[in-house]
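These notes concern the structure reproduced below.
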Amino acid sequence: MRVLLAPHGTRGDVQPMLAFAIALRRHGHDVAFVAPSDFVDWLRAAGFPAESDGIDVEATIRAPGTDLQSLRFQMRYLTDVLAPTLFASVARAARNVEVIVGSGVQLAAPSVAERLGVPCVNVAFCPCAVPGRSAPPPTIKTQRLPRWLNALLWRTTRPMADAALRAPINAGRASLGLGPVRSPLQLIVGGGAIVAAYPELGPVGADTLSSGRVVQTDAWILDDGHPIPSDVDAFLRDGPPPVYVGFGSMVSTRTEELAAHVMAAARAVGCRLLIGGGWAQLGTFAARSANVLAVDSLPHELVLPRTAAAIHHGGAGTTTAAARAGVPQVLLPHILDQYYWGHRVAVLGLGPEPLPVSRVTSGSLGSRLRLALEDTPIRARAQELARRLAGRNGVDAGVNRLVKVVETRCRA
């Protein structure tokens with residue numbers, strides 16, 4: 001097959017798609033990318049043709065005036081920037097392809113695929129991204145709702161989401177010579193969806209799977225072959241296992257304050273810290289000492305198994321990596337599916353109750369960190385789950401599903 005992968009979002013939306021691309025290539029398929037400009041060089045270095053989708057996600061998130069918590073900002077950005085840019089860039093990149101696979105906030109791929117007469121598959125890395133009774137929509141922070149209320153929230157929020165998306169999606173469709181649609185959400189998931197997440201960690205509900213349009217595979221894991229940086233390796237060797245702290249692609253207006261709370265909590269508990277700065281540049285505000293090392297980024301798969309616990313934002317990729325590493329987790333969710341993962345970590349007993357980042361203090365974080373480090377059952381459960389996940393990668397199952405979708409479309 002000639003496959004166009006069209007992820008749009010942060011590294012958590014792009015990295016699993018690179019793992020998928022490597023599997024597709026191993027199975028003999030031709031793969032190209034259209035992706036955020038800040039990931040294009042990385043994808044090309046992995047040996048794949050890659051075009052920019054016209055948006056630098058990191059620069060956008062860092063830009064003055066960006067407020068991911070503001071619905072007004074989200075709608076203005078979606079209408080004025082995201083939708084028109086993605087429709088133009090995905091249409092340019094989709095030359096002579098047989099299937100398009102989108103992930104993250106990919107608004108254009110289904111319409112471009114329709115214009116070309118090829119199938120489109122959407123990939124999600126969190127079960128709360130697909131409708132069902134087991135979890136509320138990702139915009140809902142409260143996760144302990146009854147199943148009937150989760151289903152009701154999906155039914156009641158869908159018309160509002162459709163109304164918000166209808167104008168920008170139909171404007172993009174008009175640019176392709178396509179007619180308007182009343183339900184953009186149905187368009188996005190209509191070609192089928194793959195949820196790439198370990199069922200033990202984030203199960204898709206039976207009611208969702210019974211539709212036949214959604215399947216679940218194990219998480220898509222990238223082995224990028226990068227070694228542990230020498231300074232990180234030396235730090236890990238020179239003392240007891242540290243606590244990892246990192247917020248991935250999240251940014252905050254109170255990063256300096258968060259760093260101070262993290263440092264104070266670590267001092268109170270008496271642990272070393274390994275800080276992954278990420279887009280928040282958390283390490284910039286960390287006081288250097290023999291017990292603290294701050295780096296921009298590091299390979300989670302190699303480093304996390306050598307830590308005592310992980311404090312992080314609750315992105316799907318980091319939660320999965322920490323689960324595979326078998327370490328307790330302390331989640332400080334910022335937005336969207338991070339509240340789902342915080343809930344799952346608590347329900348599974350892999351860490352304490354999540355602490356929304358807006359409520360972090362040295363005391364509230366310190367008490368959770370102490371529990372994560374000292375509670376023997378938490379560590380035992382984390383290690384047992386890691387044993388169950390060891391060696392499992394869902395990319396081949398994803399390839400098989402994609403082949404089936406294309407074959408079914410050809411027979412039709």
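Here, A, B, ... name the chains of the structure tokens in the order displayed, residue numbers run from 1 inside each chain, and ligands are numbered from 1 in the same displayed order.
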
Please provide the set of residues having any atom within 10 Å of segment 16-22 of chain A, restricted to only C-alpha atoms, with same-chain residues fewer than 4 positions apart removed, written as number ranges by chain.
-> A: 3-7, 11-12, 26-33, 42-43, 46-48, 101-103, 123, 125, 196, 219-224, 317, 393-399

Preceding selection exported with N, CA and C atoms as a short mmCIF file (atom, residue, chain, number, x, y, z; two decimals), in the first residue's frame:
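Everything below was put into selection_14.cif:
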```
data_model
loop_
_atom_site.label_atom_id
_atom_site.label_comp_id
_atom_site.auth_asym_id
_atom_site.auth_seq_id
_atom_site.Cartn_x
_atom_site.Cartn_y
_atom_site.Cartn_z
N VAL A 3 0.80 4.64 1.76
CA VAL A 3 0.13 5.15 2.95
C VAL A 3 0.63 6.55 3.27
N LEU A 4 -0.30 7.45 3.52
CA LEU A 4 0.05 8.78 4.02
C LEU A 4 -0.36 8.85 5.48
N LEU A 5 0.62 9.08 6.35
CA LEU A 5 0.35 9.27 7.77
C LEU A 5 0.29 10.76 8.04
N ALA A 6 -0.80 11.18 8.70
CA ALA A 6 -1.05 12.61 8.89
C ALA A 6 -1.33 12.93 10.35
N PRO A 7 -0.32 12.80 11.22
CA PRO A 7 -0.54 13.18 12.61
C PRO A 7 -0.49 14.69 12.76
N ARG A 11 4.38 15.67 20.44
CA ARG A 11 5.16 14.45 20.22
C ARG A 11 4.34 13.20 20.54
N GLY A 12 3.45 13.30 21.51
CA GLY A 12 2.61 12.15 21.86
C GLY A 12 1.70 11.71 20.73
N ARG A 26 8.33 -2.29 7.34
CA ARG A 26 8.81 -3.66 7.52
C ARG A 26 7.91 -4.66 6.80
N HIS A 27 6.61 -4.35 6.70
CA HIS A 27 5.66 -5.21 6.01
C HIS A 27 5.62 -4.94 4.50
N GLY A 28 6.46 -4.06 4.01
CA GLY A 28 6.57 -3.84 2.58
C GLY A 28 5.74 -2.71 2.01
N HIS A 29 5.17 -1.86 2.85
CA HIS A 29 4.34 -0.77 2.38
C HIS A 29 5.16 0.51 2.24
N ASP A 30 4.72 1.39 1.34
CA ASP A 30 5.37 2.69 1.13
C ASP A 30 4.68 3.72 2.02
N VAL A 31 5.46 4.46 2.79
CA VAL A 31 4.92 5.37 3.79
C VAL A 31 5.51 6.75 3.63
N ALA A 32 4.65 7.76 3.72
CA ALA A 32 5.09 9.15 3.75
C ALA A 32 4.30 9.87 4.85
N PHE A 33 4.83 11.01 5.28
CA PHE A 33 4.21 11.80 6.35
C PHE A 33 3.86 13.19 5.87
N TRP A 42 12.94 15.18 12.15
CA TRP A 42 13.02 13.92 12.90
C TRP A 42 12.48 12.76 12.06
N LEU A 43 11.35 12.97 11.40
CA LEU A 43 10.76 11.92 10.58
C LEU A 43 11.63 11.61 9.37
N ALA A 46 14.52 9.45 10.19
CA ALA A 46 14.14 8.05 10.32
C ALA A 46 13.96 7.37 8.96
N GLY A 47 14.14 8.13 7.89
CA GLY A 47 14.11 7.56 6.55
C GLY A 47 12.79 7.65 5.82
N PHE A 48 11.90 8.55 6.26
CA PHE A 48 10.59 8.66 5.62
C PHE A 48 10.44 10.00 4.92
N VAL A 101 -4.02 7.95 7.10
CA VAL A 101 -4.19 7.66 8.53
C VAL A 101 -3.89 8.93 9.31
N GLY A 102 -4.88 9.41 10.05
CA GLY A 102 -4.71 10.62 10.84
C GLY A 102 -4.63 10.31 12.32
N SER A 103 -4.03 11.23 13.06
CA SER A 103 -4.03 11.12 14.53
C SER A 103 -3.96 12.52 15.11
N VAL A 123 -6.58 7.38 14.22
CA VAL A 123 -5.92 6.67 15.32
C VAL A 123 -5.99 7.54 16.57
N PHE A 125 -4.91 7.55 20.86
CA PHE A 125 -4.01 6.91 21.81
C PHE A 125 -4.59 6.92 23.22
N ALA A 196 -4.92 2.81 20.02
CA ALA A 196 -3.65 2.14 20.31
C ALA A 196 -3.27 2.42 21.76
N ALA A 219 -0.51 -0.58 22.77
CA ALA A 219 0.14 0.70 22.47
C ALA A 219 1.20 0.52 21.39
N TRP A 220 1.42 1.57 20.61
CA TRP A 220 2.43 1.56 19.56
C TRP A 220 3.72 2.14 20.13
N ILE A 221 4.73 1.30 20.25
CA ILE A 221 5.96 1.65 20.95
C ILE A 221 7.10 1.86 19.96
N LEU A 222 7.79 2.99 20.09
CA LEU A 222 8.93 3.30 19.24
C LEU A 222 10.22 2.97 19.97
N ASP A 223 11.04 2.15 19.36
CA ASP A 223 12.41 1.92 19.82
C ASP A 223 13.32 2.72 18.91
N ASP A 224 13.67 3.95 19.36
CA ASP A 224 14.41 4.82 18.45
C ASP A 224 15.91 4.57 18.47
N GLY A 317 1.62 8.90 26.13
CA GLY A 317 2.93 8.31 25.92
C GLY A 317 3.72 8.15 27.20
N ASN A 393 3.88 -4.86 21.64
CA ASN A 393 3.83 -3.68 20.78
C ASN A 393 2.69 -3.89 19.79
N GLY A 394 1.77 -2.95 19.72
CA GLY A 394 0.59 -3.12 18.90
C GLY A 394 0.72 -2.72 17.44
N VAL A 395 1.92 -2.38 17.00
CA VAL A 395 2.05 -1.85 15.63
C VAL A 395 1.67 -2.87 14.57
N ASP A 396 2.04 -4.13 14.75
CA ASP A 396 1.70 -5.13 13.73
C ASP A 396 0.20 -5.35 13.65
N ALA A 397 -0.47 -5.34 14.79
CA ALA A 397 -1.94 -5.44 14.78
C ALA A 397 -2.54 -4.23 14.07
N GLY A 398 -1.93 -3.06 14.25
CA GLY A 398 -2.39 -1.86 13.54
C GLY A 398 -2.23 -2.00 12.04
N VAL A 399 -1.11 -2.56 11.62
CA VAL A 399 -0.90 -2.78 10.18
C VAL A 399 -1.96 -3.73 9.64
#
```

Exercise: segment 302-308 of chain A partners within 6 Å, only C-alpha atoms, chain neighbours under 5 positions left out, as a list in words |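 Within the cut-off, the hits are Pro241, Pro242, Val243 and Ala325 of chain A.
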
With N, CA and C atoms retained, write the just-selected residues as a short mmCIF file (atom, residue, chain, number, x, y, z; two decimals), in the first residue's frame.
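Wrote it out as result.cif, contents follow:
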```
data_model
loop_
_atom_site.label_atom_id
_atom_site.label_comp_id
_atom_site.auth_asym_id
_atom_site.auth_seq_id
_atom_site.Cartn_x
_atom_site.Cartn_y
_atom_site.Cartn_z
N PRO A 241 18.14 5.45 43.01
CA PRO A 241 17.29 5.83 41.88
C PRO A 241 16.57 7.14 42.14
N PRO A 242 16.64 8.08 41.21
CA PRO A 242 15.97 9.37 41.40
C PRO A 242 14.50 9.29 41.02
N VAL A 243 13.78 10.34 41.30
CA VAL A 243 12.42 10.52 40.82
C VAL A 243 12.49 11.32 39.52
N ALA A 325 7.73 0.67 32.51
CA ALA A 325 8.92 0.69 33.35
C ALA A 325 8.65 0.10 34.73
#
```

List as a PDB file with N, CA and C atoms, in the first residue's frame the protein and nucleic acid residues near Ala268 of chain A, meaning an atom at most 9 Å away when only C-alpha atoms are counted, but skip any in the same chain fewer than 3 places from it.
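selection31.pdb was written with the following content:
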```
ATOM      1  N   MET A 263      10.854  21.012  43.723  1.00  0.00           N
ATOM      2  CA  MET A 263      12.110  20.961  44.480  1.00  0.00           C
ATOM      3  C   MET A 263      11.838  20.829  45.975  1.00  0.00           C
ATOM      4  N   ALA A 264      10.872  21.597  46.483  1.00  0.00           N
ATOM      5  CA  ALA A 264      10.548  21.546  47.918  1.00  0.00           C
ATOM      6  C   ALA A 264       9.989  20.182  48.302  1.00  0.00           C
ATOM      7  N   ALA A 265       9.138  19.622  47.449  1.00  0.00           N
ATOM      8  CA  ALA A 265       8.574  18.305  47.746  1.00  0.00           C
ATOM      9  C   ALA A 265       9.666  17.247  47.777  1.00  0.00           C
ATOM     10  N   CYS A 271      14.557  12.739  48.241  1.00  0.00           N
ATOM     11  CA  CYS A 271      14.887  11.978  47.038  1.00  0.00           C
ATOM     12  C   CYS A 271      15.670  12.834  46.046  1.00  0.00           C
ATOM     13  N   SER A 362       3.836  22.496  47.328  1.00  0.00           N
ATOM     14  CA  SER A 362       4.887  21.596  47.794  1.00  0.00           C
ATOM     15  C   SER A 362       4.311  20.550  48.744  1.00  0.00           C
ATOM     16  N   GLY A 363       3.326  20.948  49.561  1.00  0.00           N
ATOM     17  CA  GLY A 363       2.736  20.008  50.497  1.00  0.00           C
ATOM     18  C   GLY A 363       1.889  18.951  49.819  1.00  0.00           C
ATOM     19  N   GLY A 366       4.193  16.769  47.829  1.00  0.00           N
ATOM     20  CA  GLY A 366       5.066  15.985  48.691  1.00  0.00           C
ATOM     21  C   GLY A 366       4.359  14.790  49.304  1.00  0.00           C
ATOM     22  N   ARG A 370       5.514  10.978  48.568  1.00  0.00           N
ATOM     23  CA  ARG A 370       5.889  10.067  49.657  1.00  0.00           C
ATOM     24  C   ARG A 370       5.097   8.756  49.558  1.00  0.00           C
TER      25      ARG A 370
END
```

For Gln74 of chain A: contacts at 12 Å, only C-alpha atoms, fewer than 4 positions along chain excluded, given as a compact mmCIF listing (two decimals) with C-alpha atoms, in the first residue's frame:
```
# COMPACT_ATOMS: atom_id res chain seq x y z
CA THR A 60 2.12 27.83 18.60
CA ILE A 61 1.88 26.59 22.17
CA GLY A 65 -1.81 34.82 23.66
CA THR A 66 -2.07 31.04 23.39
CA ASP A 67 -4.47 29.77 26.02
CA LEU A 68 -5.32 26.09 25.62
CA GLN A 69 -7.81 26.34 28.48
CA SER A 70 -9.85 29.04 26.72
CA LEU A 78 -9.43 26.18 14.84
CA THR A 79 -11.44 28.35 12.44
CA ASP A 80 -8.81 30.88 11.41
CA VAL A 81 -5.61 28.80 11.41
CA LEU A 82 -5.82 25.06 12.01
CA ALA A 83 -8.59 23.92 9.66
CA VAL A 105 -6.26 16.99 15.92
CA ALA A 164 -18.45 24.38 16.40
CA LEU A 165 -16.68 22.36 13.70
```

Got a sec: who's within 8 Å of Ala286 of chain A, counting only C-alpha atoms, leaving out chain neighbours fewer than 2 positions off, as a ChimeraX atom specification?
-> /A:259-260,263,282-284,288,292,294

Which of segment 217-280 of chain A fall in strand (DSSP E), as a list in words |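 In segment 217-280 of chain A, DSSP puts these residues in strand (DSSP E): Thr217, Val243, Tyr244, Val245, Gly246, Leu273, Leu274, Ile275 and Gly276 of chain A.
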
Excluding Leu402 of chain A and residues on its chain fewer than 5 positions from it, collect all residues at most 10 Å away from it, counting only C-alpha atoms, and give them as a count of residues only.
-> 16

Do you know which residues are at most 10 Å from Phe39 of chain A counting only C-alpha atoms, after dropping those on the same chain fewer than 3 positions away, and could you put them as a PyMOL selection string?
-> chain A and resi 8-11+14-15+34-36+42-44+50-52+56-58

File dump, residues just selected, N, CA and C atoms, as an mmCIF file, in the first residue's frame:
```cif
data_model
loop_
_atom_site.group_PDB
_atom_site.id
_atom_site.type_symbol
_atom_site.label_atom_id
_atom_site.label_comp_id
_atom_site.auth_asym_id
_atom_site.auth_seq_id
_atom_site.Cartn_x
_atom_site.Cartn_y
_atom_site.Cartn_z
ATOM 1 N N HIS A 8 -1.292 15.211 13.675
ATOM 2 C CA HIS A 8 -1.149 16.628 14.030
ATOM 3 C C HIS A 8 -1.321 16.770 15.535
ATOM 4 N N GLY A 9 -0.307 17.323 16.169
ATOM 5 C CA GLY A 9 -0.338 17.514 17.608
ATOM 6 C C GLY A 9 1.067 17.570 18.162
ATOM 7 N N THR A 10 1.219 17.153 19.395
ATOM 8 C CA THR A 10 2.514 17.165 20.058
ATOM 9 C C THR A 10 3.243 15.855 19.771
ATOM 10 N N ARG A 11 4.380 15.670 20.438
ATOM 11 C CA ARG A 11 5.158 14.447 20.216
ATOM 12 C C ARG A 11 4.339 13.204 20.537
ATOM 13 N N VAL A 14 2.736 12.155 17.440
ATOM 14 C CA VAL A 14 3.602 11.861 16.302
ATOM 15 C C VAL A 14 4.451 10.612 16.533
ATOM 16 N N GLN A 15 5.001 10.458 17.742
ATOM 17 C CA GLN A 15 5.930 9.353 17.993
ATOM 18 C C GLN A 15 5.303 7.981 17.753
ATOM 19 N N VAL A 34 2.782 13.728 6.428
ATOM 20 C CA VAL A 34 2.559 15.170 6.477
ATOM 21 C C VAL A 34 2.306 15.454 7.954
ATOM 22 N N ALA A 35 3.147 16.293 8.555
ATOM 23 C CA ALA A 35 3.175 16.425 10.009
ATOM 24 C C ALA A 35 3.578 17.839 10.398
ATOM 25 N N PRO A 36 3.407 18.205 11.669
ATOM 26 C CA PRO A 36 3.831 19.538 12.113
ATOM 27 C C PRO A 36 5.292 19.808 11.748
ATOM 28 N N TRP A 42 12.940 15.181 12.145
ATOM 29 C CA TRP A 42 13.021 13.924 12.899
ATOM 30 C C TRP A 42 12.484 12.759 12.062
ATOM 31 N N LEU A 43 11.346 12.973 11.400
ATOM 32 C CA LEU A 43 10.756 11.923 10.579
ATOM 33 C C LEU A 43 11.631 11.613 9.369
ATOM 34 N N ARG A 44 12.210 12.639 8.777
ATOM 35 C CA ARG A 44 13.109 12.410 7.644
ATOM 36 C C ARG A 44 14.361 11.667 8.075
ATOM 37 N N ALA A 50 8.733 13.288 4.287
ATOM 38 C CA ALA A 50 7.874 14.028 5.217
ATOM 39 C C ALA A 50 7.730 15.459 4.737
ATOM 40 N N GLU A 51 6.496 15.932 4.706
ATOM 41 C CA GLU A 51 6.207 17.320 4.373
ATOM 42 C C GLU A 51 5.599 18.005 5.596
ATOM 43 N N SER A 52 5.831 19.295 5.705
ATOM 44 C CA SER A 52 5.238 20.063 6.792
ATOM 45 C C SER A 52 3.755 20.260 6.538
ATOM 46 N N ASP A 56 3.882 24.877 13.206
ATOM 47 C CA ASP A 56 4.878 24.520 14.208
ATOM 48 C C ASP A 56 4.136 24.473 15.544
ATOM 49 N N VAL A 57 3.885 23.276 16.047
ATOM 50 C CA VAL A 57 3.054 23.128 17.239
ATOM 51 C C VAL A 57 3.724 23.717 18.471
ATOM 52 N N GLU A 58 5.013 23.471 18.623
ATOM 53 C CA GLU A 58 5.696 24.012 19.797
ATOM 54 C C GLU A 58 5.661 25.531 19.798
#
```

Among the residues A:Thr208, A:Asp231, A:Glu114, A:Met160, the one that comes closest to Cys128 of chain A [using only C-alpha atoms] |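 The shortest atom-to-atom distance to Cys128 of chain A comes from A:Thr208.
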
Expected answer as JSON, numbers by chain: helix (DSSP H, G or I) residues in segment 157-222 of chain A = {"A": [157, 158, 159, 160, 161, 162, 163, 164, 165, 166, 167, 168, 169, 170, 171, 172, 173, 174, 175, 184, 185, 186, 187, 188, 189, 206, 207, 208, 209]}

Just-selected residues, N, CA and C atoms written as a PDB file, in the first residue's frame:
```pdb
ATOM      1  N   THR A 157     -23.002  16.528  24.212  1.00  0.00           N
ATOM      2  CA  THR A 157     -21.915  17.401  23.753  1.00  0.00           C
ATOM      3  C   THR A 157     -21.652  17.259  22.260  1.00  0.00           C
ATOM      4  N   ARG A 158     -22.074  16.141  21.679  1.00  0.00           N
ATOM      5  CA  ARG A 158     -21.799  15.949  20.252  1.00  0.00           C
ATOM      6  C   ARG A 158     -22.436  17.027  19.378  1.00  0.00           C
ATOM      7  N   PRO A 159     -23.710  17.389  19.568  1.00  0.00           N
ATOM      8  CA  PRO A 159     -24.270  18.457  18.729  1.00  0.00           C
ATOM      9  C   PRO A 159     -23.520  19.784  18.867  1.00  0.00           C
ATOM     10  N   MET A 160     -23.035  20.073  20.081  1.00  0.00           N
ATOM     11  CA  MET A 160     -22.276  21.317  20.265  1.00  0.00           C
ATOM     12  C   MET A 160     -20.949  21.257  19.528  1.00  0.00           C
ATOM     13  N   ALA A 161     -20.286  20.108  19.595  1.00  0.00           N
ATOM     14  CA  ALA A 161     -19.019  19.965  18.874  1.00  0.00           C
ATOM     15  C   ALA A 161     -19.235  20.045  17.367  1.00  0.00           C
ATOM     16  N   ASP A 162     -20.291  19.387  16.900  1.00  0.00           N
ATOM     17  CA  ASP A 162     -20.598  19.460  15.470  1.00  0.00           C
ATOM     18  C   ASP A 162     -20.860  20.908  15.040  1.00  0.00           C
ATOM     19  N   ALA A 163     -21.606  21.642  15.861  1.00  0.00           N
ATOM     20  CA  ALA A 163     -21.914  23.037  15.522  1.00  0.00           C
ATOM     21  C   ALA A 163     -20.643  23.880  15.460  1.00  0.00           C
ATOM     22  N   ALA A 164     -19.702  23.609  16.380  1.00  0.00           N
ATOM     23  CA  ALA A 164     -18.455  24.376  16.400  1.00  0.00           C
ATOM     24  C   ALA A 164     -17.560  24.048  15.209  1.00  0.00           C
ATOM     25  N   LEU A 165     -17.572  22.794  14.779  1.00  0.00           N
ATOM     26  CA  LEU A 165     -16.680  22.356  13.703  1.00  0.00           C
ATOM     27  C   LEU A 165     -17.267  22.547  12.313  1.00  0.00           C
ATOM     28  N   ARG A 166     -18.583  22.713  12.229  1.00  0.00           N
ATOM     29  CA  ARG A 166     -19.255  22.656  10.930  1.00  0.00           C
ATOM     30  C   ARG A 166     -18.737  23.715   9.964  1.00  0.00           C
ATOM     31  N   ALA A 167     -18.605  24.960  10.405  1.00  0.00           N
ATOM     32  CA  ALA A 167     -18.186  26.021   9.490  1.00  0.00           C
ATOM     33  C   ALA A 167     -16.757  25.819   8.976  1.00  0.00           C
ATOM     34  N   PRO A 168     -15.752  25.605   9.844  1.00  0.00           N
ATOM     35  CA  PRO A 168     -14.397  25.425   9.314  1.00  0.00           C
ATOM     36  C   PRO A 168     -14.224  24.156   8.492  1.00  0.00           C
ATOM     37  N   ILE A 169     -14.894  23.069   8.896  1.00  0.00           N
ATOM     38  CA  ILE A 169     -14.767  21.832   8.122  1.00  0.00           C
ATOM     39  C   ILE A 169     -15.422  21.993   6.755  1.00  0.00           C
ATOM     40  N   ASN A 170     -16.596  22.592   6.708  1.00  0.00           N
ATOM     41  CA  ASN A 170     -17.278  22.740   5.423  1.00  0.00           C
ATOM     42  C   ASN A 170     -16.593  23.753   4.526  1.00  0.00           C
ATOM     43  N   ALA A 171     -15.951  24.755   5.104  1.00  0.00           N
ATOM     44  CA  ALA A 171     -15.146  25.672   4.287  1.00  0.00           C
ATOM     45  C   ALA A 171     -13.984  24.916   3.656  1.00  0.00           C
ATOM     46  N   GLY A 172     -13.339  24.052   4.440  1.00  0.00           N
ATOM     47  CA  GLY A 172     -12.261  23.240   3.888  1.00  0.00           C
ATOM     48  C   GLY A 172     -12.754  22.284   2.828  1.00  0.00           C
ATOM     49  N   ARG A 173     -13.894  21.679   3.040  1.00  0.00           N
ATOM     50  CA  ARG A 173     -14.459  20.771   2.045  1.00  0.00           C
ATOM     51  C   ARG A 173     -14.799  21.514   0.755  1.00  0.00           C
ATOM     52  N   ALA A 174     -15.300  22.723   0.887  1.00  0.00           N
ATOM     53  CA  ALA A 174     -15.607  23.513  -0.302  1.00  0.00           C
ATOM     54  C   ALA A 174     -14.346  23.781  -1.116  1.00  0.00           C
ATOM     55  N   SER A 175     -13.220  23.979  -0.425  1.00  0.00           N
ATOM     56  CA  SER A 175     -11.958  24.220  -1.144  1.00  0.00           C
ATOM     57  C   SER A 175     -11.518  22.992  -1.931  1.00  0.00           C
ATOM     58  N   PRO A 184     -19.533  16.862  11.380  1.00  0.00           N
ATOM     59  CA  PRO A 184     -18.087  16.676  11.193  1.00  0.00           C
ATOM     60  C   PRO A 184     -17.515  15.550  12.042  1.00  0.00           C
ATOM     61  N   LEU A 185     -18.046  15.335  13.242  1.00  0.00           N
ATOM     62  CA  LEU A 185     -17.531  14.259  14.086  1.00  0.00           C
ATOM     63  C   LEU A 185     -17.771  12.896  13.446  1.00  0.00           C
ATOM     64  N   GLN A 186     -18.935  12.710  12.851  1.00  0.00           N
ATOM     65  CA  GLN A 186     -19.211  11.467  12.153  1.00  0.00           C
ATOM     66  C   GLN A 186     -18.263  11.290  10.978  1.00  0.00           C
ATOM     67  N   LEU A 187     -17.940  12.382  10.321  1.00  0.00           N
ATOM     68  CA  LEU A 187     -16.994  12.328   9.206  1.00  0.00           C
ATOM     69  C   LEU A 187     -15.626  11.863   9.686  1.00  0.00           C
ATOM     70  N   ILE A 188     -15.184  12.380  10.829  1.00  0.00           N
ATOM     71  CA  ILE A 188     -13.843  12.087  11.313  1.00  0.00           C
ATOM     72  C   ILE A 188     -13.694  10.628  11.715  1.00  0.00           C
ATOM     73  N   VAL A 189     -14.716  10.046  12.346  1.00  0.00           N
ATOM     74  CA  VAL A 189     -14.607   8.656  12.807  1.00  0.00           C
ATOM     75  C   VAL A 189     -15.335   7.680  11.894  1.00  0.00           C
ATOM     76  N   ALA A 206     -16.771  -2.247  26.025  1.00  0.00           N
ATOM     77  CA  ALA A 206     -17.375  -3.253  25.140  1.00  0.00           C
ATOM     78  C   ALA A 206     -18.451  -2.642  24.259  1.00  0.00           C
ATOM     79  N   ASP A 207     -19.173  -1.631  24.767  1.00  0.00           N
ATOM     80  CA  ASP A 207     -20.222  -0.998  23.974  1.00  0.00           C
ATOM     81  C   ASP A 207     -19.639  -0.270  22.776  1.00  0.00           C
ATOM     82  N   THR A 208     -18.439   0.265  22.919  1.00  0.00           N
ATOM     83  CA  THR A 208     -17.777   0.946  21.804  1.00  0.00           C
ATOM     84  C   THR A 208     -17.237  -0.060  20.796  1.00  0.00           C
ATOM     85  N   LEU A 209     -16.618  -1.120  21.286  1.00  0.00           N
ATOM     86  CA  LEU A 209     -16.042  -2.120  20.389  1.00  0.00           C
ATOM     87  C   LEU A 209     -17.127  -2.866  19.614  1.00  0.00           C
TER      88      LEU A 209
END
```

Mind giving me the straight-line distance from atom CA of Arg2 of chain A to atom CA of Pro84 of chain A in Å, one decimal?
->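 Separation between atom CA of Arg2 of chain A and atom CA of Pro84 of chain A: 24.9 Å.
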
Considering only C-alpha atoms, give me a table of residues in segment 253-364 of chain A that are at most 8 Å from segment 371-382 of chain A, with the closest atom pair and distance in Å for each, as a Markdown table.
```
| residue | atom | partner | partner_atom | distance |
| --- | --- | --- | --- | --- |
| A:Ala308 | CA | A:Leu373 | CA | 6.9 |
| A:Ala309 | CA | A:Leu373 | CA | 6.7 |
| A:Ala323 | CA | A:Ala382 | CA | 6.5 |
| A:Gly326 | CA | A:Ala382 | CA | 4.6 |
| A:Val327 | CA | A:Ala382 | CA | 5.7 |
| A:Pro328 | CA | A:Ala372 | CA | 5.6 |
| A:Gln329 | CA | A:Ala372 | CA | 6.8 |
| A:Val330 | CA | A:Ala372 | CA | 7.1 |
| A:Leu348 | CA | A:Arg381 | CA | 7.9 |
| A:Gly349 | CA | A:Ile378 | CA | 5.7 |
| A:Leu350 | CA | A:Ala382 | CA | 5.3 |
| A:Gly351 | CA | A:Ala372 | CA | 5.7 |
| A:Pro352 | CA | A:Ala372 | CA | 6.6 |
```

Atom pair atom CA of Val40 of chain A / atom CA of Pro127 of chain A: separation (Å) |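 Between atom CA of Val40 of chain A and atom CA of Pro127 of chain A the gap is 27.2 Å.
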
For atom CA of Leu274 of chain A and atom CA of Leu298 of chain A, quote the distance in Å rounded to one decimal.
->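 Taking atom CA of Leu274 of chain A as the start and atom CA of Leu298 of chain A as the end point, the length is 10.0 Å.
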